[in-house]
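Chemist: My structure is below; once you've seen it, I'll send some questions.
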Amino acid sequence: MAKISFDKWIIIFTVVSAALLQTIDTSIVNVTLTQMMGNLGASLEDISWVVTGYAAANVVMITLSGWLSAKLGRKNYFTASIILFTVASIFCGTSTSVEQLIIFRVIQGIGGGGLMSTAQSILMQTFPREDAGTATAIFGMGVIIGPTIGPTLGGYITDHLSWNWVFFINIPVGIIATFLSLIYIKDDHETAKVGKMDWFALALLIATIASLQIVLEKGQTDDWFNSHFITMLTVTAVLSGIIFVWRQLTVEHPLLNLGLLKHYTYAIGSFFGFAQGFGLYASAFIVPVFCQNLLGYTAQQTGILLLPGSIATAIAMPLVGRIMKSGKVSPVFLSALGLGLFIVFVWMLSGMTLSTGEHDFFIPLLIRGTGMGLLFVPITTITLYDLKNSDMAQGSAFTNMLRQLGGSVGIAVITTYISIRSVFHINRLSDDVTIYSQASNERIHAGVRLFMSKGDNYSMAHIKALAAMKGALVKQAMVLTYNDVFLLVGLFFVICLPLLLLFIRKRKQSSGEKIEIEMHFAE
């Protein structure tokens, strides 16, 4: 790899800082929701819109990023997104009601959605094509590490300061990134042609993404299609989505260029982008929930637990970029190795118990962190490699949108599965807890003696002993459920593994010039 100039290092710092703002803020708020509820006098249902509103606005803007970047200019759009995100952070931190906070979080999501895809396209166009793996590795560090740092940082702020500071910490980074963007980011002379804003298509896009995001966020809470609200939003998402796709395929200058899917590797890579989001977000979601709900870890302890895995990712990604630059190892092989490490990770944690300690997570999370670097960099690089510079903004916007939607779908599927599977395990374990079971009677009598020794009469001690046994049964059922979830995610990765061969297929169908490119990536 050629030596990176000072100006390029500044661009790297600027775009990665902006990407980190968005990815950290996606997860940092989750650990402060309880404190927000108390300070703002909000219910759980009200405060959940702080997360849902941000996510919905974020996905809509990610989808629009390619069009807006071409229309306004890459530099202008990127800088404006940073400014909007930073200003919205100020208003979020000074909100005095949950209604104000939700409104400003939506505005923050609009700014944040413009950061991620534009940052990726800037990096991909700043580096020459032979260094595409390096650019992807640098971008991936911001994408992958941010959500892991978020809970740690949010937990520390919650314990030592107040919820307002999860927004105020964005301000200095946003100001620095704004000035550096104005000075060092350059507009790309080769941009895609776009027409006027298609307001009908925009309305369809908002209806599709917002409805789908709310369904995925609220479906489990509202018992899915037993709720008229969820059913109505699902129908809205499907119908508006179909009409939006038809509109984009028939107009001359679409908001979202679906014609890019004619590129074979881009189409396959887009599918893997969704699959990545599904599997990676789901696996990342399980560990913190298990640690906090069943092992009693605080948010800060959980964040520290996840930190070594993030460091492993940070080390793996540049190494993978360098390996890809050498051309000696196929990106398809690297991706397969990454998926293999994820399978090992979920298998190692599929036998967790209530006595599982921090040391039991260390090696599996290191394996997961390494696998993430091996998987993210090659697939993202292959996906965008064949696109023209003018199509890079649209291409990265679409893949980022699919990855985020895949994550939302993955988490929704996992939470639903946990709800259903936990009932199964509770019923199965309850079959062994009867008045005819000697072990059950002995445990109840031991509990009665314990509570009576603390001053309770026999009746109260018996009630507490039964409650304690029920609590232990539910906990054990949840442990078995989470183990099943890990196996389910592992099965998903096993299914994805042979599908990587689809990347190699194009080499046999391409022209001579393309064959050389594909040999570099697939041989």
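Lettering and numbering for the structure tokens are positional, with chains as A, B, ... in the shown order, residues counted from 1 in each chain, and ligands counted from 1 in the shown order.
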Can you tell me which residues surround Ile102 of chain A at a distance of at most 12 Å, considering only C-alpha atoms, apart from same-chain residues fewer than 5 positions away, and format the answer as an MDAnalysis selection string?

Modeler: chainID A and resid 36 40 42 46:57 88:89 91:93 95:97 107:109

Chemist: Pick out each residue of segment 294-509 of chain A that DSSP on the backbone tags as alpha helix (DSSP H); I need them as a PyMOL selection string.

Modeler: chain A and resi 299-326+331-348+358-385+392-430+438-453+458-499+502-505

Chemist: Give me, please, the distance in Å between atom CA of Val494 of chain A and atom CA of Gln276 of chain A, quoted to one decimal.

Modeler: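 Spanning atom CA of Val494 of chain A to atom CA of Gln276 of chain A is a straight-line distance of 12.7 Å.
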
Chemist: Write out as JSON lines the residues of segment 233-293 of chain A that have any atom within 6 Å of an atom of segment 370-389 of chain A, one row each with the nearest atom pair and its distance in Å to one decimal, counting only C-alpha atoms, sorted by chain and then rising number.

Modeler:
```
{"residue": "A:Thr265", "atom": "CA", "partner": "A:Thr383", "partner_atom": "CA", "distance": 5.6}
{"residue": "A:Tyr266", "atom": "CA", "partner": "A:Thr383", "partner_atom": "CA", "distance": 4.5}
{"residue": "A:Gly269", "atom": "CA", "partner": "A:Thr383", "partner_atom": "CA", "distance": 4.6}
```

Chemist: Give me the residues within 8 Å of Thr14 of chain A as a PyMOL selection string, counting only C-alpha atoms and dropping any in the same chain fewer than 5 places off.

Modeler: chain A and resi 177+180-181

Chemist: How many Å lie between atom CA of Cys496 of chain A and atom CA of Ser422 of chain A, rounded to one decimal?

Modeler: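 Computing the Euclidean distance for atom CA of Cys496 of chain A and atom CA of Ser422 of chain A yields 26.4 Å.
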
Chemist: Pick out the residues sitting within 8 Å of Leu256 of chain A, and hand them over as a PyMOL selection string; count only C-alpha atoms, and ignore anything fewer than 2 positions along from it in its own chain.

Modeler: chain A and resi 63-64+66-67+248+254+258+394+398

Chemist: I want to know what sits within 12 Å of segment 208-211 of chain A, based on only C-alpha atoms, with residues of the same chain fewer than 6 positions away left out; could you give that as a PDB file with N, CA, C and O atoms, in the first residue's frame?

Modeler:
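Written file, out00.pdb:
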```pdb
ATOM      1  N   TRP A  49     -39.953   5.410  22.112  1.00  0.00           N
ATOM      2  CA  TRP A  49     -39.973   6.153  20.853  1.00  0.00           C
ATOM      3  C   TRP A  49     -38.691   6.960  20.665  1.00  0.00           C
ATOM      4  O   TRP A  49     -38.388   7.386  19.543  1.00  0.00           O
ATOM      5  N   THR A  52     -36.949   4.251  18.705  1.00  0.00           N
ATOM      6  CA  THR A  52     -37.628   3.932  17.450  1.00  0.00           C
ATOM      7  C   THR A  52     -37.613   5.105  16.476  1.00  0.00           C
ATOM      8  O   THR A  52     -37.372   4.925  15.276  1.00  0.00           O
ATOM      9  N   GLY A  53     -37.877   6.312  16.967  1.00  0.00           N
ATOM     10  CA  GLY A  53     -37.895   7.498  16.104  1.00  0.00           C
ATOM     11  C   GLY A  53     -36.544   7.752  15.465  1.00  0.00           C
ATOM     12  O   GLY A  53     -36.452   8.074  14.268  1.00  0.00           O
ATOM     13  N   TYR A  54     -35.487   7.597  16.254  1.00  0.00           N
ATOM     14  CA  TYR A  54     -34.132   7.783  15.722  1.00  0.00           C
ATOM     15  C   TYR A  54     -33.826   6.746  14.646  1.00  0.00           C
ATOM     16  O   TYR A  54     -33.316   7.073  13.578  1.00  0.00           O
ATOM     17  N   ALA A  55     -34.154   5.481  14.925  1.00  0.00           N
ATOM     18  CA  ALA A  55     -33.841   4.395  13.996  1.00  0.00           C
ATOM     19  C   ALA A  55     -34.583   4.568  12.673  1.00  0.00           C
ATOM     20  O   ALA A  55     -34.013   4.379  11.589  1.00  0.00           O
ATOM     21  N   ALA A  56     -35.883   4.930  12.741  1.00  0.00           N
ATOM     22  CA  ALA A  56     -36.676   5.087  11.523  1.00  0.00           C
ATOM     23  C   ALA A  56     -36.144   6.234  10.665  1.00  0.00           C
ATOM     24  O   ALA A  56     -35.970   6.093   9.447  1.00  0.00           O
ATOM     25  N   ALA A  57     -35.866   7.377  11.293  1.00  0.00           N
ATOM     26  CA  ALA A  57     -35.331   8.527  10.554  1.00  0.00           C
ATOM     27  C   ALA A  57     -33.966   8.192   9.970  1.00  0.00           C
ATOM     28  O   ALA A  57     -33.631   8.592   8.846  1.00  0.00           O
ATOM     29  N   ASN A  58     -33.188   7.444  10.718  1.00  0.00           N
ATOM     30  CA  ASN A  58     -31.844   7.066  10.288  1.00  0.00           C
ATOM     31  C   ASN A  58     -31.876   6.231   9.015  1.00  0.00           C
ATOM     32  O   ASN A  58     -31.141   6.496   8.049  1.00  0.00           O
ATOM     33  N   VAL A  59     -32.745   5.215   8.988  1.00  0.00           N
ATOM     34  CA  VAL A  59     -32.802   4.321   7.830  1.00  0.00           C
ATOM     35  C   VAL A  59     -33.318   5.065   6.596  1.00  0.00           C
ATOM     36  O   VAL A  59     -32.828   4.858   5.479  1.00  0.00           O
ATOM     37  N   VAL A  60     -34.306   5.935   6.771  1.00  0.00           N
ATOM     38  CA  VAL A  60     -34.823   6.719   5.639  1.00  0.00           C
ATOM     39  C   VAL A  60     -33.706   7.557   5.025  1.00  0.00           C
ATOM     40  O   VAL A  60     -33.515   7.587   3.801  1.00  0.00           O
ATOM     41  N   MET A  61     -32.916   8.227   5.883  1.00  0.00           N
ATOM     42  CA  MET A  61     -31.868   9.107   5.368  1.00  0.00           C
ATOM     43  C   MET A  61     -30.701   8.325   4.776  1.00  0.00           C
ATOM     44  O   MET A  61     -30.056   8.786   3.837  1.00  0.00           O
ATOM     45  N   ILE A  62     -30.411   7.159   5.324  1.00  0.00           N
ATOM     46  CA  ILE A  62     -29.381   6.305   4.715  1.00  0.00           C
ATOM     47  C   ILE A  62     -29.782   5.970   3.286  1.00  0.00           C
ATOM     48  O   ILE A  62     -28.970   6.018   2.355  1.00  0.00           O
ATOM     49  N   THR A  63     -31.055   5.647   3.089  1.00  0.00           N
ATOM     50  CA  THR A  63     -31.553   5.300   1.751  1.00  0.00           C
ATOM     51  C   THR A  63     -31.459   6.489   0.801  1.00  0.00           C
ATOM     52  O   THR A  63     -31.151   6.322  -0.387  1.00  0.00           O
ATOM     53  N   LEU A  64     -31.709   7.685   1.308  1.00  0.00           N
ATOM     54  CA  LEU A  64     -31.696   8.889   0.467  1.00  0.00           C
ATOM     55  C   LEU A  64     -30.302   9.467   0.270  1.00  0.00           C
ATOM     56  O   LEU A  64     -30.116  10.389  -0.536  1.00  0.00           O
ATOM     57  N   VAL A 106     -35.499  12.393  16.403  1.00  0.00           N
ATOM     58  CA  VAL A 106     -35.813  12.174  14.992  1.00  0.00           C
ATOM     59  C   VAL A 106     -34.923  13.062  14.116  1.00  0.00           C
ATOM     60  O   VAL A 106     -34.363  12.605  13.106  1.00  0.00           O
ATOM     61  N   ALA A 201     -42.359   9.530  -4.417  1.00  0.00           N
ATOM     62  CA  ALA A 201     -41.459   8.433  -4.048  1.00  0.00           C
ATOM     63  C   ALA A 201     -40.929   8.617  -2.629  1.00  0.00           C
ATOM     64  O   ALA A 201     -40.787   7.649  -1.874  1.00  0.00           O
ATOM     65  N   LEU A 202     -40.641   9.865  -2.265  1.00  0.00           N
ATOM     66  CA  LEU A 202     -40.156  10.135  -0.905  1.00  0.00           C
ATOM     67  C   LEU A 202     -41.206   9.762   0.132  1.00  0.00           C
ATOM     68  O   LEU A 202     -40.889   9.154   1.167  1.00  0.00           O
ATOM     69  N   GLU A 217     -39.688  -2.889  15.801  1.00  0.00           N
ATOM     70  CA  GLU A 217     -39.380  -2.431  17.165  1.00  0.00           C
ATOM     71  C   GLU A 217     -40.501  -2.779  18.143  1.00  0.00           C
ATOM     72  O   GLU A 217     -40.256  -3.155  19.293  1.00  0.00           O
ATOM     73  N   LYS A 218     -41.757  -2.662  17.679  1.00  0.00           N
ATOM     74  CA  LYS A 218     -42.901  -2.775  18.592  1.00  0.00           C
ATOM     75  C   LYS A 218     -43.666  -4.092  18.465  1.00  0.00           C
ATOM     76  O   LYS A 218     -44.540  -4.367  19.290  1.00  0.00           O
ATOM     77  N   GLY A 219     -43.339  -4.873  17.435  1.00  0.00           N
ATOM     78  CA  GLY A 219     -44.131  -6.073  17.169  1.00  0.00           C
ATOM     79  C   GLY A 219     -44.217  -7.030  18.330  1.00  0.00           C
ATOM     80  O   GLY A 219     -45.309  -7.475  18.709  1.00  0.00           O
ATOM     81  N   PHE A 229     -52.885  -2.301  15.211  1.00  0.00           N
ATOM     82  CA  PHE A 229     -51.893  -1.277  14.881  1.00  0.00           C
ATOM     83  C   PHE A 229     -50.733  -1.889  14.105  1.00  0.00           C
ATOM     84  O   PHE A 229     -50.330  -1.375  13.046  1.00  0.00           O
ATOM     85  N   ILE A 230     -50.202  -3.018  14.581  1.00  0.00           N
ATOM     86  CA  ILE A 230     -49.088  -3.683  13.909  1.00  0.00           C
ATOM     87  C   ILE A 230     -49.523  -4.231  12.555  1.00  0.00           C
ATOM     88  O   ILE A 230     -48.792  -4.126  11.550  1.00  0.00           O
ATOM     89  N   THR A 231     -50.729  -4.795  12.485  1.00  0.00           N
ATOM     90  CA  THR A 231     -51.243  -5.315  11.213  1.00  0.00           C
ATOM     91  C   THR A 231     -51.380  -4.204  10.180  1.00  0.00           C
ATOM     92  O   THR A 231     -50.988  -4.366   9.012  1.00  0.00           O
ATOM     93  N   MET A 232     -51.923  -3.068  10.601  1.00  0.00           N
ATOM     94  CA  MET A 232     -52.101  -1.938   9.699  1.00  0.00           C
ATOM     95  C   MET A 232     -50.753  -1.427   9.181  1.00  0.00           C
ATOM     96  O   MET A 232     -50.588  -1.160   7.990  1.00  0.00           O
ATOM     97  N   LEU A 233     -49.761  -1.322  10.081  1.00  0.00           N
ATOM     98  CA  LEU A 233     -48.444  -0.844   9.667  1.00  0.00           C
ATOM     99  C   LEU A 233     -47.756  -1.843   8.732  1.00  0.00           C
ATOM    100  O   LEU A 233     -47.037  -1.454   7.804  1.00  0.00           O
ATOM    101  N   THR A 234     -47.973  -3.140   8.953  1.00  0.00           N
ATOM    102  CA  THR A 234     -47.379  -4.156   8.084  1.00  0.00           C
ATOM    103  C   THR A 234     -47.938  -4.052   6.667  1.00  0.00           C
ATOM    104  O   THR A 234     -47.192  -4.101   5.681  1.00  0.00           O
ATOM    105  N   VAL A 235     -49.247  -3.914   6.576  1.00  0.00           N
ATOM    106  CA  VAL A 235     -49.885  -3.749   5.253  1.00  0.00           C
ATOM    107  C   VAL A 235     -49.365  -2.481   4.579  1.00  0.00           C
ATOM    108  O   VAL A 235     -49.064  -2.474   3.376  1.00  0.00           O
ATOM    109  N   THR A 236     -49.233  -1.399   5.353  1.00  0.00           N
ATOM    110  CA  THR A 236     -48.714  -0.138   4.821  1.00  0.00           C
ATOM    111  C   THR A 236     -47.300  -0.313   4.286  1.00  0.00           C
ATOM    112  O   THR A 236     -46.963   0.160   3.187  1.00  0.00           O
ATOM    113  N   ALA A 237     -46.450  -1.001   5.057  1.00  0.00           N
ATOM    114  CA  ALA A 237     -45.055  -1.205   4.650  1.00  0.00           C
ATOM    115  C   ALA A 237     -44.971  -2.018   3.360  1.00  0.00           C
ATOM    116  O   ALA A 237     -44.198  -1.684   2.451  1.00  0.00           O
ATOM    117  N   VAL A 238     -45.776  -3.065   3.258  1.00  0.00           N
ATOM    118  CA  VAL A 238     -45.726  -3.938   2.074  1.00  0.00           C
ATOM    119  C   VAL A 238     -46.218  -3.194   0.830  1.00  0.00           C
ATOM    120  O   VAL A 238     -45.548  -3.183  -0.214  1.00  0.00           O
ATOM    121  N   LEU A 239     -47.386  -2.573   0.929  1.00  0.00           N
ATOM    122  CA  LEU A 239     -47.966  -1.900  -0.236  1.00  0.00           C
ATOM    123  C   LEU A 239     -47.118  -0.711  -0.686  1.00  0.00           C
ATOM    124  O   LEU A 239     -46.815  -0.566  -1.881  1.00  0.00           O
ATOM    125  N   SER A 240     -46.730   0.135   0.253  1.00  0.00           N
ATOM    126  CA  SER A 240     -45.929   1.308  -0.120  1.00  0.00           C
ATOM    127  C   SER A 240     -44.555   0.879  -0.624  1.00  0.00           C
ATOM    128  O   SER A 240     -43.985   1.511  -1.518  1.00  0.00           O
ATOM    129  N   GLY A 241     -44.013  -0.220  -0.074  1.00  0.00           N
ATOM    130  CA  GLY A 241     -42.717  -0.720  -0.543  1.00  0.00           C
ATOM    131  C   GLY A 241     -42.786  -1.209  -1.980  1.00  0.00           C
ATOM    132  O   GLY A 241     -41.890  -0.927  -2.792  1.00  0.00           O
ATOM    133  N   ILE A 242     -43.834  -1.942  -2.315  1.00  0.00           N
ATOM    134  CA  ILE A 242     -43.996  -2.446  -3.685  1.00  0.00           C
ATOM    135  C   ILE A 242     -44.141  -1.282  -4.665  1.00  0.00           C
ATOM    136  O   ILE A 242     -43.513  -1.263  -5.736  1.00  0.00           O
ATOM    137  N   ILE A 243     -44.963  -0.303  -4.306  1.00  0.00           N
ATOM    138  CA  ILE A 243     -45.168   0.845  -5.201  1.00  0.00           C
ATOM    139  C   ILE A 243     -43.878   1.654  -5.337  1.00  0.00           C
ATOM    140  O   ILE A 243     -43.535   2.142  -6.422  1.00  0.00           O
ATOM    141  N   PHE A 244     -43.098   1.762  -4.229  1.00  0.00           N
ATOM    142  CA  PHE A 244     -41.835   2.505  -4.274  1.00  0.00           C
ATOM    143  C   PHE A 244     -40.850   1.831  -5.228  1.00  0.00           C
ATOM    144  O   PHE A 244     -40.203   2.501  -6.047  1.00  0.00           O
ATOM    145  N   VAL A 245     -40.726   0.513  -5.127  1.00  0.00           N
ATOM    146  CA  VAL A 245     -39.816  -0.215  -6.018  1.00  0.00           C
ATOM    147  C   VAL A 245     -40.248  -0.036  -7.480  1.00  0.00           C
ATOM    148  O   VAL A 245     -39.412   0.221  -8.363  1.00  0.00           O
ATOM    149  N   MET A 401     -28.255   0.599   4.176  1.00  0.00           N
ATOM    150  CA  MET A 401     -29.663   0.499   4.548  1.00  0.00           C
ATOM    151  C   MET A 401     -30.065  -0.962   4.755  1.00  0.00           C
ATOM    152  O   MET A 401     -30.734  -1.313   5.740  1.00  0.00           O
ATOM    153  N   LEU A 402     -29.622  -1.828   3.849  1.00  0.00           N
ATOM    154  CA  LEU A 402     -29.949  -3.253   3.978  1.00  0.00           C
ATOM    155  C   LEU A 402     -29.323  -3.851   5.226  1.00  0.00           C
ATOM    156  O   LEU A 402     -29.936  -4.678   5.899  1.00  0.00           O
ATOM    157  N   GLN A 404     -28.636  -2.306   8.040  1.00  0.00           N
ATOM    158  CA  GLN A 404     -29.365  -1.836   9.213  1.00  0.00           C
ATOM    159  C   GLN A 404     -30.726  -2.511   9.322  1.00  0.00           C
ATOM    160  O   GLN A 404     -31.157  -2.889  10.411  1.00  0.00           O
ATOM    161  N   LEU A 405     -31.410  -2.662   8.182  1.00  0.00           N
ATOM    162  CA  LEU A 405     -32.697  -3.361   8.198  1.00  0.00           C
ATOM    163  C   LEU A 405     -32.511  -4.820   8.599  1.00  0.00           C
ATOM    164  O   LEU A 405     -33.323  -5.380   9.336  1.00  0.00           O
ATOM    165  N   SER A 408     -32.310  -4.930  12.298  1.00  0.00           N
ATOM    166  CA  SER A 408     -33.614  -4.766  12.927  1.00  0.00           C
ATOM    167  C   SER A 408     -34.447  -6.040  12.824  1.00  0.00           C
ATOM    168  O   SER A 408     -35.101  -6.452  13.792  1.00  0.00           O
TER     169      SER A 408
END
```

Chemist: Excluding Asp25 of chain A and its own-chain neighbours fewer than 4 positions away, which residues fall within 7 Å of it when counting only C-alpha atoms? Please give them as a list in words.

Modeler: Leu21, Val29 and Gly150 of chain A

Chemist: Would you mind exporting the chosen residues as a PDB file, in the first residue's frame, restricted to C-alpha atoms?

Modeler:
```
ATOM      1  CA  LEU A  21     -20.865   9.668  16.222  1.00  0.00           C
ATOM      2  CA  VAL A  29     -28.955   5.807  24.611  1.00  0.00           C
ATOM      3  CA  GLY A 150     -21.724   2.788  23.149  1.00  0.00           C
TER       4      GLY A 150
END
```

Chemist: Report, in Å with one decimal, the straight-line distance from atom CA of Asn39 of chain A to atom CA of Ile157 of chain A.

Modeler: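 The value is 15.1 Å.
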